[in-house]
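Structure file my_file-v1.pdb with PDB, N, CA and C atoms:
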ATOM      1  N   MET A   1     -32.905 -14.441 -16.222
ATOM      2  CA  MET A   1     -32.711 -15.766 -16.790
ATOM      3  C   MET A   1     -32.199 -15.635 -18.220
ATOM      4  N   LYS A   2     -31.235 -16.468 -18.570
ATOM      5  CA  LYS A   2     -30.674 -16.410 -19.917
ATOM      6  C   LYS A   2     -31.600 -17.111 -20.906
ATOM      7  N   THR A   3     -31.706 -16.551 -22.086
ATOM      8  CA  THR A   3     -32.488 -17.175 -23.141
ATOM      9  C   THR A   3     -31.556 -17.965 -24.045
ATOM     10  N   LYS A   4     -32.131 -18.663 -25.014
ATOM     11  CA  LYS A   4     -31.338 -19.475 -25.941
ATOM     12  C   LYS A   4     -30.329 -18.634 -26.701
ATOM     13  N   LYS A   5     -30.684 -17.417 -27.017
ATOM     14  CA  LYS A   5     -29.790 -16.559 -27.788
ATOM     15  C   LYS A   5     -28.599 -16.086 -26.963
ATOM     16  N   ASP A   6     -28.762 -16.022 -25.626
ATOM     17  CA  ASP A   6     -27.697 -15.547 -24.754
ATOM     18  C   ASP A   6     -26.587 -16.576 -24.563
ATOM     19  N   ILE A   7     -26.916 -17.880 -24.685
ATOM     20  CA  ILE A   7     -25.953 -18.928 -24.409
ATOM     21  C   ILE A   7     -25.132 -19.222 -25.664
ATOM     22  N   LYS A   8     -23.809 -19.086 -25.555
ATOM     23  CA  LYS A   8     -22.912 -19.371 -26.666
ATOM     24  C   LYS A   8     -22.377 -20.791 -26.485
ATOM     25  N   ILE A   9     -22.606 -21.652 -27.456
ATOM     26  CA  ILE A   9     -22.112 -23.016 -27.397
ATOM     27  C   ILE A   9     -20.672 -23.019 -27.898
ATOM     28  N   LYS A  10     -19.738 -23.353 -26.997
ATOM     29  CA  LYS A  10     -18.327 -23.309 -27.349
ATOM     30  C   LYS A  10     -17.801 -24.667 -27.797
ATOM     31  N   LEU A  11     -18.532 -25.739 -27.505
ATOM     32  CA  LEU A  11     -18.136 -27.067 -27.964
ATOM     33  C   LEU A  11     -18.683 -27.294 -29.366
ATOM     34  N   LYS A  12     -17.953 -28.094 -30.150
ATOM     35  CA  LYS A  12     -18.360 -28.367 -31.525
ATOM     36  C   LYS A  12     -18.373 -29.869 -31.791
ATOM     37  N   LYS A  13     -19.029 -30.245 -32.861
ATOM     38  CA  LYS A  13     -19.060 -31.633 -33.290
ATOM     39  C   LYS A  13     -17.632 -32.095 -33.566
ATOM     40  N   GLY A  14     -17.264 -33.267 -33.035
ATOM     41  CA  GLY A  14     -15.926 -33.801 -33.236
ATOM     42  C   GLY A  14     -14.960 -33.506 -32.099
ATOM     43  N   ASP A  15     -15.338 -32.630 -31.158
ATOM     44  CA  ASP A  15     -14.479 -32.317 -30.018
ATOM     45  C   ASP A  15     -14.419 -33.505 -29.065
ATOM     46  N   LEU A  16     -13.259 -33.715 -28.448
ATOM     47  CA  LEU A  16     -13.105 -34.733 -27.412
ATOM     48  C   LEU A  16     -13.499 -34.096 -26.085
ATOM     49  N   VAL A  17     -14.481 -34.704 -25.409
ATOM     50  CA  VAL A  17     -14.979 -34.145 -24.157
ATOM     51  C   VAL A  17     -14.993 -35.199 -23.063
ATOM     52  N   LYS A  18     -15.045 -34.741 -21.815
ATOM     53  CA  LYS A  18     -15.144 -35.611 -20.651
ATOM     54  C   LYS A  18     -16.428 -35.267 -19.923
ATOM     55  N   VAL A  19     -17.142 -36.298 -19.472
ATOM     56  CA  VAL A  19     -18.384 -36.088 -18.724
ATOM     57  C   VAL A  19     -18.019 -35.819 -17.269
ATOM     58  N   MET A  20     -18.485 -34.694 -16.742
ATOM     59  CA  MET A  20     -18.128 -34.263 -15.398
ATOM     60  C   MET A  20     -19.183 -34.619 -14.347
ATOM     61  N   ALA A  21     -20.408 -34.938 -14.762
ATOM     62  CA  ALA A  21     -21.472 -35.247 -13.805
ATOM     63  C   ALA A  21     -22.449 -36.236 -14.415
ATOM     64  N   GLY A  22     -23.116 -36.992 -13.553
ATOM     65  CA  GLY A  22     -24.124 -37.938 -14.006
ATOM     66  C   GLY A  22     -23.620 -39.375 -13.934
ATOM     67  N   ASN A  23     -24.421 -40.294 -14.472
ATOM     68  CA  ASN A  23     -24.085 -41.716 -14.416
ATOM     69  C   ASN A  23     -22.836 -42.055 -15.219
ATOM     70  N   SER A  24     -22.538 -41.305 -16.251
ATOM     71  CA  SER A  24     -21.380 -41.566 -17.107
ATOM     72  C   SER A  24     -20.175 -40.721 -16.713
ATOM     73  N   ARG A  25     -20.114 -40.246 -15.474
ATOM     74  CA  ARG A  25     -19.037 -39.369 -15.012
ATOM     75  C   ARG A  25     -17.678 -40.023 -15.218
ATOM     76  N   GLY A  26     -16.734 -39.241 -15.778
ATOM     77  CA  GLY A  26     -15.375 -39.720 -15.980
ATOM     78  C   GLY A  26     -15.111 -40.288 -17.360
ATOM     79  N   ARG A  27     -16.146 -40.581 -18.115
ATOM     80  CA  ARG A  27     -15.957 -41.149 -19.445
ATOM     81  C   ARG A  27     -15.640 -40.059 -20.460
ATOM     82  N   GLU A  28     -14.843 -40.428 -21.453
ATOM     83  CA  GLU A  28     -14.482 -39.497 -22.516
ATOM     84  C   GLU A  28     -14.999 -40.019 -23.848
ATOM     85  N   GLY A  29     -15.269 -39.107 -24.761
ATOM     86  CA  GLY A  29     -15.711 -39.482 -26.098
ATOM     87  C   GLY A  29     -15.829 -38.255 -26.981
ATOM     88  N   LYS A  30     -16.000 -38.509 -28.282
ATOM     89  CA  LYS A  30     -16.154 -37.419 -29.241
ATOM     90  C   LYS A  30     -17.622 -37.043 -29.351
ATOM     91  N   ILE A  31     -17.869 -35.770 -29.594
ATOM     92  CA  ILE A  31     -19.244 -35.299 -29.786
ATOM     93  C   ILE A  31     -19.704 -35.727 -31.173
ATOM     94  N   LEU A  32     -20.826 -36.460 -31.218
ATOM     95  CA  LEU A  32     -21.381 -36.932 -32.481
ATOM     96  C   LEU A  32     -22.347 -35.920 -33.079
ATOM     97  N   ASP A  33     -23.129 -35.266 -32.212
ATOM     98  CA  ASP A  33     -24.150 -34.328 -32.678
ATOM     99  C   ASP A  33     -24.511 -33.388 -31.534
ATOM    100  N   ILE A  34     -24.973 -32.196 -31.885
ATOM    101  CA  ILE A  34     -25.371 -31.215 -30.873
ATOM    102  C   ILE A  34     -26.786 -30.744 -31.166
ATOM    103  N   ASP A  35     -27.624 -30.733 -30.119
ATOM    104  CA  ASP A  35     -28.985 -30.207 -30.209
ATOM    105  C   ASP A  35     -28.963 -28.819 -29.575
ATOM    106  N   THR A  36     -28.897 -27.781 -30.410
ATOM    107  CA  THR A  36     -28.739 -26.414 -29.917
ATOM    108  C   THR A  36     -29.996 -25.907 -29.209
ATOM    109  N   ASP A  37     -31.163 -26.362 -29.616
ATOM    110  CA  ASP A  37     -32.406 -25.895 -28.995
ATOM    111  C   ASP A  37     -32.521 -26.359 -27.550
ATOM    112  N   ARG A  38     -32.110 -27.593 -27.277
ATOM    113  CA  ARG A  38     -32.219 -28.155 -25.931
ATOM    114  C   ARG A  38     -30.909 -28.066 -25.166
ATOM    115  N   TYR A  39     -29.832 -27.555 -25.785
ATOM    116  CA  TYR A  39     -28.510 -27.384 -25.170
ATOM    117  C   TYR A  39     -27.980 -28.735 -24.702
ATOM    118  N   ARG A  40     -28.076 -29.748 -25.586
ATOM    119  CA  ARG A  40     -27.638 -31.103 -25.271
ATOM    120  C   ARG A  40     -26.745 -31.621 -26.393
ATOM    121  N   ALA A  41     -25.900 -32.614 -26.056
ATOM    122  CA  ALA A  41     -24.985 -33.195 -27.039
ATOM    123  C   ALA A  41     -25.022 -34.717 -26.944
ATOM    124  N   PHE A  42     -24.788 -35.379 -28.073
ATOM    125  CA  PHE A  42     -24.659 -36.824 -28.126
ATOM    126  C   PHE A  42     -23.166 -37.134 -28.175
ATOM    127  N   VAL A  43     -22.681 -37.893 -27.183
ATOM    128  CA  VAL A  43     -21.259 -38.215 -27.083
ATOM    129  C   VAL A  43     -21.087 -39.714 -27.278
ATOM    130  N   GLU A  44     -20.108 -40.104 -28.110
ATOM    131  CA  GLU A  44     -19.934 -41.513 -28.444
ATOM    132  C   GLU A  44     -19.509 -42.322 -27.223
ATOM    133  N   GLY A  45     -20.243 -43.423 -26.969
ATOM    134  CA  GLY A  45     -19.944 -44.310 -25.859
ATOM    135  C   GLY A  45     -20.383 -43.813 -24.500
ATOM    136  N   VAL A  46     -21.156 -42.744 -24.442
ATOM    137  CA  VAL A  46     -21.579 -42.152 -23.173
ATOM    138  C   VAL A  46     -23.101 -42.140 -23.101
ATOM    139  N   ASN A  47     -23.647 -42.411 -21.909
ATOM    140  CA  ASN A  47     -25.086 -42.398 -21.663
ATOM    141  C   ASN A  47     -25.817 -43.364 -22.600
ATOM    142  N   ILE A  48     -25.383 -44.620 -22.609
ATOM    143  CA  ILE A  48     -25.966 -45.649 -23.469
ATOM    144  C   ILE A  48     -27.327 -46.069 -22.921
ATOM    145  N   VAL A  49     -28.340 -46.100 -23.787
ATOM    146  CA  VAL A  49     -29.683 -46.543 -23.415
ATOM    147  C   VAL A  49     -30.081 -47.710 -24.314
ATOM    148  N   HIS A  50     -31.037 -48.515 -23.840
ATOM    149  CA  HIS A  50     -31.551 -49.637 -24.614
ATOM    150  C   HIS A  50     -32.866 -49.213 -25.244
ATOM    151  N   LYS A  51     -32.956 -49.307 -26.559
ATOM    152  CA  LYS A  51     -34.179 -48.915 -27.269
ATOM    153  C   LYS A  51     -34.815 -50.175 -27.855
ATOM    154  N   HIS A  52     -36.077 -50.406 -27.518
ATOM    155  CA  HIS A  52     -36.804 -51.562 -28.032
ATOM    156  C   HIS A  52     -37.433 -51.175 -29.366
ATOM    157  N   THR A  53     -37.167 -51.974 -30.410
ATOM    158  CA  THR A  53     -37.676 -51.642 -31.741
ATOM    159  C   THR A  53     -38.510 -52.793 -32.304
ATOM    160  N   LYS A  54     -39.528 -52.406 -33.058
ATOM    161  CA  LYS A  54     -40.330 -53.385 -33.785
ATOM    162  C   LYS A  54     -39.570 -53.810 -35.028
ATOM    163  N   PRO A  55     -39.906 -54.955 -35.592
ATOM    164  CA  PRO A  55     -39.279 -55.328 -36.862
ATOM    165  C   PRO A  55     -39.638 -54.325 -37.964
ATOM    166  N   ASN A  56     -38.635 -53.956 -38.755
ATOM    167  CA  ASN A  56     -38.864 -53.065 -39.890
ATOM    168  C   ASN A  56     -37.911 -53.461 -41.011
ATOM    169  N   GLN A  57     -37.905 -52.713 -42.102
ATOM    170  CA  GLN A  57     -37.068 -53.072 -43.243
ATOM    171  C   GLN A  57     -35.588 -53.013 -42.893
ATOM    172  N   LYS A  58     -35.213 -52.017 -42.125
ATOM    173  CA  LYS A  58     -33.798 -51.849 -41.762
ATOM    174  C   LYS A  58     -33.348 -52.941 -40.792
ATOM    175  N   ASN A  59     -34.213 -53.309 -39.853
ATOM    176  CA  ASN A  59     -33.908 -54.318 -38.848
ATOM    177  C   ASN A  59     -35.047 -55.340 -38.839
ATOM    178  N   PRO A  60     -34.996 -56.372 -39.709
ATOM    179  CA  PRO A  60     -36.133 -57.286 -39.875
ATOM    180  C   PRO A  60     -36.489 -58.085 -38.620
ATOM    181  N   LYS A  61     -35.509 -58.315 -37.737
ATOM    182  CA  LYS A  61     -35.803 -59.081 -36.530
ATOM    183  C   LYS A  61     -36.346 -58.202 -35.404
ATOM    184  N   GLY A  62     -36.044 -56.928 -35.427
ATOM    185  CA  GLY A  62     -36.429 -56.062 -34.315
ATOM    186  C   GLY A  62     -35.504 -56.319 -33.146
ATOM    187  N   GLY A  63     -35.972 -56.059 -31.934
ATOM    188  CA  GLY A  63     -35.177 -56.360 -30.753
ATOM    189  C   GLY A  63     -34.735 -55.119 -30.000
ATOM    190  N   ILE A  64     -33.671 -55.288 -29.233
ATOM    191  CA  ILE A  64     -33.162 -54.216 -28.380
ATOM    192  C   ILE A  64     -31.882 -53.666 -28.988
ATOM    193  N   ILE A  65     -31.847 -52.353 -29.174
ATOM    194  CA  ILE A  65     -30.688 -51.680 -29.756
ATOM    195  C   ILE A  65     -30.082 -50.763 -28.699
ATOM    196  N   LYS A  66     -28.753 -50.796 -28.580
ATOM    197  CA  LYS A  66     -28.068 -49.880 -27.666
ATOM    198  C   LYS A  66     -27.644 -48.649 -28.449
ATOM    199  N   LYS A  67     -27.968 -47.477 -27.927
ATOM    200  CA  LYS A  67     -27.584 -46.240 -28.600
ATOM    201  C   LYS A  67     -27.312 -45.146 -27.575
ATOM    202  N   GLU A  68     -26.631 -44.094 -28.028
ATOM    203  CA  GLU A  68     -26.303 -42.985 -27.144
ATOM    204  C   GLU A  68     -27.506 -42.066 -26.964
ATOM    205  N   ALA A  69     -27.713 -41.640 -25.730
ATOM    206  CA  ALA A  69     -28.715 -40.619 -25.446
ATOM    207  C   ALA A  69     -27.966 -39.309 -25.215
ATOM    208  N   SER A  70     -28.690 -38.206 -25.242
ATOM    209  CA  SER A  70     -28.040 -36.900 -25.117
ATOM    210  C   SER A  70     -27.627 -36.605 -23.674
ATOM    211  N   VAL A  71     -26.614 -35.749 -23.555
ATOM    212  CA  VAL A  71     -26.094 -35.302 -22.265
ATOM    213  C   VAL A  71     -26.162 -33.780 -22.275
ATOM    214  N   HIS A  72     -26.543 -33.179 -21.154
ATOM    215  CA  HIS A  72     -26.611 -31.723 -21.097
ATOM    216  C   HIS A  72     -25.208 -31.142 -21.217
ATOM    217  N   MET A  73     -25.090 -30.043 -21.973
ATOM    218  CA  MET A  73     -23.785 -29.447 -22.271
ATOM    219  C   MET A  73     -23.052 -28.971 -21.011
ATOM    220  N   SER A  74     -23.791 -28.631 -19.960
ATOM    221  CA  SER A  74     -23.155 -28.165 -18.733
ATOM    222  C   SER A  74     -22.387 -29.280 -18.032
ATOM    223  N   ASN A  75     -22.661 -30.535 -18.382
ATOM    224  CA  ASN A  75     -21.978 -31.673 -17.776
ATOM    225  C   ASN A  75     -20.755 -32.114 -18.568
ATOM    226  N   LEU A  76     -20.426 -31.413 -19.650
ATOM    227  CA  LEU A  76     -19.298 -31.772 -20.499
ATOM    228  C   LEU A  76     -18.179 -30.759 -20.374
ATOM    229  N   MET A  77     -16.932 -31.242 -20.495
ATOM    230  CA  MET A  77     -15.777 -30.359 -20.461
ATOM    231  C   MET A  77     -14.799 -30.783 -21.538
ATOM    232  N   PHE A  78     -14.241 -29.821 -22.249
ATOM    233  CA  PHE A  78     -13.318 -30.059 -23.348
ATOM    234  C   PHE A  78     -12.017 -30.675 -22.837
ATOM    235  N   VAL A  79     -11.483 -31.645 -23.584
ATOM    236  CA  VAL A  79     -10.214 -32.281 -23.230
ATOM    237  C   VAL A  79      -9.146 -31.803 -24.207
ATOM    238  N   ASP A  80      -8.070 -31.225 -23.649
ATOM    239  CA  ASP A  80      -6.960 -30.725 -24.464
ATOM    240  C   ASP A  80      -5.667 -31.306 -23.905
ATOM    241  N   ASN A  81      -4.954 -32.082 -24.705
ATOM    242  CA  ASN A  81      -3.695 -32.733 -24.287
ATOM    243  C   ASN A  81      -3.878 -33.586 -23.035
ATOM    244  N   GLY A  82      -4.990 -34.291 -22.949
ATOM    245  CA  GLY A  82      -5.228 -35.206 -21.837
ATOM    246  C   GLY A  82      -5.800 -34.586 -20.582
ATOM    247  N   THR A  83      -5.925 -33.260 -20.529
ATOM    248  CA  THR A  83      -6.495 -32.604 -19.352
ATOM    249  C   THR A  83      -7.724 -31.798 -19.755
ATOM    250  N   THR A  84      -8.649 -31.662 -18.802
ATOM    251  CA  THR A  84      -9.848 -30.879 -19.084
ATOM    252  C   THR A  84      -9.526 -29.396 -18.960
ATOM    253  N   THR A  85     -10.175 -28.612 -19.794
ATOM    254  CA  THR A  85      -9.940 -27.173 -19.786
ATOM    255  C   THR A  85     -11.196 -26.448 -20.241
ATOM    256  N   ARG A  86     -11.290 -25.203 -19.841
ATOM    257  CA  ARG A  86     -12.373 -24.366 -20.336
ATOM    258  C   ARG A  86     -11.972 -23.793 -21.681
ATOM    259  N   ILE A  87     -12.946 -23.297 -22.430
ATOM    260  CA  ILE A  87     -12.686 -22.751 -23.758
ATOM    261  C   ILE A  87     -13.023 -21.273 -23.768
ATOM    262  N   GLY A  88     -12.131 -20.487 -24.337
ATOM    263  CA  GLY A  88     -12.365 -19.067 -24.531
ATOM    264  C   GLY A  88     -12.284 -18.744 -26.009
ATOM    265  N   ARG A  89     -12.505 -17.503 -26.344
ATOM    266  CA  ARG A  89     -12.405 -17.076 -27.737
ATOM    267  C   ARG A  89     -11.559 -15.817 -27.801
ATOM    268  N   ALA A  90     -10.713 -15.759 -28.820
ATOM    269  CA  ALA A  90      -9.842 -14.599 -29.002
ATOM    270  C   ALA A  90      -9.563 -14.420 -30.488
ATOM    271  N   ILE A  91      -9.116 -13.242 -30.840
ATOM    272  CA  ILE A  91      -8.781 -12.962 -32.235
ATOM    273  C   ILE A  91      -7.339 -13.380 -32.480
ATOM    274  N   ASP A  92      -7.132 -14.179 -33.520
ATOM    275  CA  ASP A  92      -5.793 -14.642 -33.888
ATOM    276  C   ASP A  92      -5.018 -13.479 -34.491
ATOM    277  N   GLU A  93      -3.792 -13.270 -34.012
ATOM    278  CA  GLU A  93      -2.986 -12.130 -34.477
ATOM    279  C   GLU A  93      -2.563 -12.271 -35.933
ATOM    280  N   LYS A  94      -2.279 -13.501 -36.368
ATOM    281  CA  LYS A  94      -1.805 -13.718 -37.739
ATOM    282  C   LYS A  94      -2.916 -13.556 -38.768
ATOM    283  N   THR A  95      -4.059 -14.224 -38.513
ATOM    284  CA  THR A  95      -5.139 -14.229 -39.500
ATOM    285  C   THR A  95      -6.198 -13.169 -39.239
ATOM    286  N   GLY A  96      -6.314 -12.705 -38.001
ATOM    287  CA  GLY A  96      -7.342 -11.721 -37.668
ATOM    288  C   GLY A  96      -8.714 -12.333 -37.491
ATOM    289  N   ARG A  97      -8.768 -13.663 -37.417
ATOM    290  CA  ARG A  97     -10.045 -14.351 -37.264
ATOM    291  C   ARG A  97     -10.261 -14.740 -35.803
ATOM    292  N   LEU A  98     -11.523 -14.939 -35.438
ATOM    293  CA  LEU A  98     -11.886 -15.361 -34.093
ATOM    294  C   LEU A  98     -11.630 -16.866 -33.966
ATOM    295  N   VAL A  99     -10.839 -17.273 -32.976
ATOM    296  CA  VAL A  99     -10.519 -18.690 -32.775
ATOM    297  C   VAL A  99     -10.814 -19.077 -31.336
ATOM    298  N   ARG A 100     -11.008 -20.384 -31.114
ATOM    299  CA  ARG A 100     -11.204 -20.905 -29.768
ATOM    300  C   ARG A 100      -9.830 -21.144 -29.145
ATOM    301  N   ILE A 101      -9.698 -20.796 -27.872
ATOM    302  CA  ILE A 101      -8.429 -21.006 -27.186
ATOM    303  C   ILE A 101      -8.660 -21.813 -25.910
ATOM    304  N   SER A 102      -7.631 -22.545 -25.500
ATOM    305  CA  SER A 102      -7.649 -23.289 -24.253
ATOM    306  C   SER A 102      -7.298 -22.324 -23.122
ATOM    307  N   LYS A 103      -8.107 -22.321 -22.065
ATOM    308  CA  LYS A 103      -7.865 -21.399 -20.952
ATOM    309  C   LYS A 103      -6.625 -21.805 -20.151
ATOM    310  N   LYS A 104      -6.297 -23.110 -20.093
ATOM    311  CA  LYS A 104      -5.130 -23.557 -19.339
ATOM    312  C   LYS A 104      -3.829 -23.247 -20.061
ATOM    313  N   SER A 105      -3.757 -23.632 -21.353
ATOM    314  CA  SER A 105      -2.493 -23.445 -22.089
ATOM    315  C   SER A 105      -2.441 -22.122 -22.838
ATOM    316  N   GLY A 106      -3.578 -21.553 -23.148
ATOM    317  CA  GLY A 106      -3.622 -20.301 -23.908
ATOM    318  C   GLY A 106      -3.410 -20.477 -25.390
ATOM    319  N   GLU A 107      -3.319 -21.737 -25.846
ATOM    320  CA  GLU A 107      -3.096 -22.029 -27.264
ATOM    321  C   GLU A 107      -4.420 -22.171 -28.004
ATOM    322  N   ALA A 108      -4.361 -21.942 -29.298
ATOM    323  CA  ALA A 108      -5.546 -22.060 -30.138
ATOM    324  C   ALA A 108      -5.925 -23.531 -30.297
ATOM    325  N   ILE A 109      -7.229 -23.783 -30.370
ATOM    326  CA  ILE A 109      -7.763 -25.137 -30.571
ATOM    327  C   ILE A 109      -8.025 -25.308 -32.059
ATOM    328  N   LYS A 110      -7.570 -26.418 -32.607
ATOM    329  CA  LYS A 110      -7.703 -26.698 -34.046
ATOM    330  C   LYS A 110      -8.957 -26.189 -34.646
TER     331      LYS A 110
END
Hey, can you dump this file as structure tokens for me?
Amino acid sequence: MKTKKDIKIKLKKGDLVKVMAGNSRGREGKILDIDTDRYRAFVEGVNIVHKHTKPNQKNPKGGIIKKEASVHMSNLMFVDNGTTTRIGRAIDEKTGRLVRISKKSGEAIK
């Protein structure tokens, strides 16, 4: 069984991803935040839940707030030029640095 240290997270905050499984299947959005301990990500506009809140200083009326819940990273796939692709890593010949590459096109990801 793989431990937390064995799993390399190849997606980053700000990446455009598509949900491949679950209730939000087919939806696309940018990654807002990543929880590395639980291997989950918050994606904008995906997996919306209703949270009931009491009145407080920030929200004096209270009520129901819609917000994104986390999605497991295995259900997300990177979107490059409108198509989903896997991500690899390679050393850039010009700079000598490790960069992420698209497996379909073979080009470096910003």
Draw an axis-aligned box tight on the listed atoms of segment 32-50 of chain A, then pad every side by 8 Å and write out centre and edge lengths in Å to one decimal as lines of an AutoDock Vina configuration file.
center_x = -26.2
center_y = -37.8
center_z = -27.4
size_x = 29.4
size_y = 39.7
size_z = 27.4
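Here atom C of Asp92 of chain A is placed at a distance of 23.9 Å from atom CA of Ile7 of chain A.
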*Any idea what the distance is between atom N of Ser24 of chain A and atom CA of Lys110 of chain A?*
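Distance between the two atoms: 27.4 Å.
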_For this structure, which residues satisfy the selection - the PyMOL selection byres ((chain A and resi 27-38) around 8) - when it is evaluated on the file as given? I want them as JSON, numbers by chain._
{"A": [4, 9, 11, 12, 13, 14, 15, 16, 17, 18, 19, 20, 21, 23, 24, 25, 26, 39, 40, 41, 42, 43, 44, 45, 46, 70, 71, 72, 73]}
*asked:* To one decimal place in Å, what is the distance between atom C of His50 of chain A and atom C of Gly63 of chain A?
replied: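 That distance, rounded to one decimal, is 7.8 Å.
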*Expansion of the PyMOL selection byres (((chain A and resi 48 and name CA) around 6) and name CA) into residues, as a PyMOL selection string*: chain A and resi 46-47+49+67-68
*Taking the file above as input, evaluate the PyMOL selection byres ((chain A and resi 104) around 8) and report the hits as a PyMOL selection string.*
chain A and resi 84-88+101-103+105-107
*Quick one: pick out all strand (DSSP E) residues within chain A from a backbone DSSP run and write them as a PyMOL selection string.*
chain A and resi 16-19+28-35+40-43+48-53+63-68+70-72+76-80+83-85+87-91+98-102
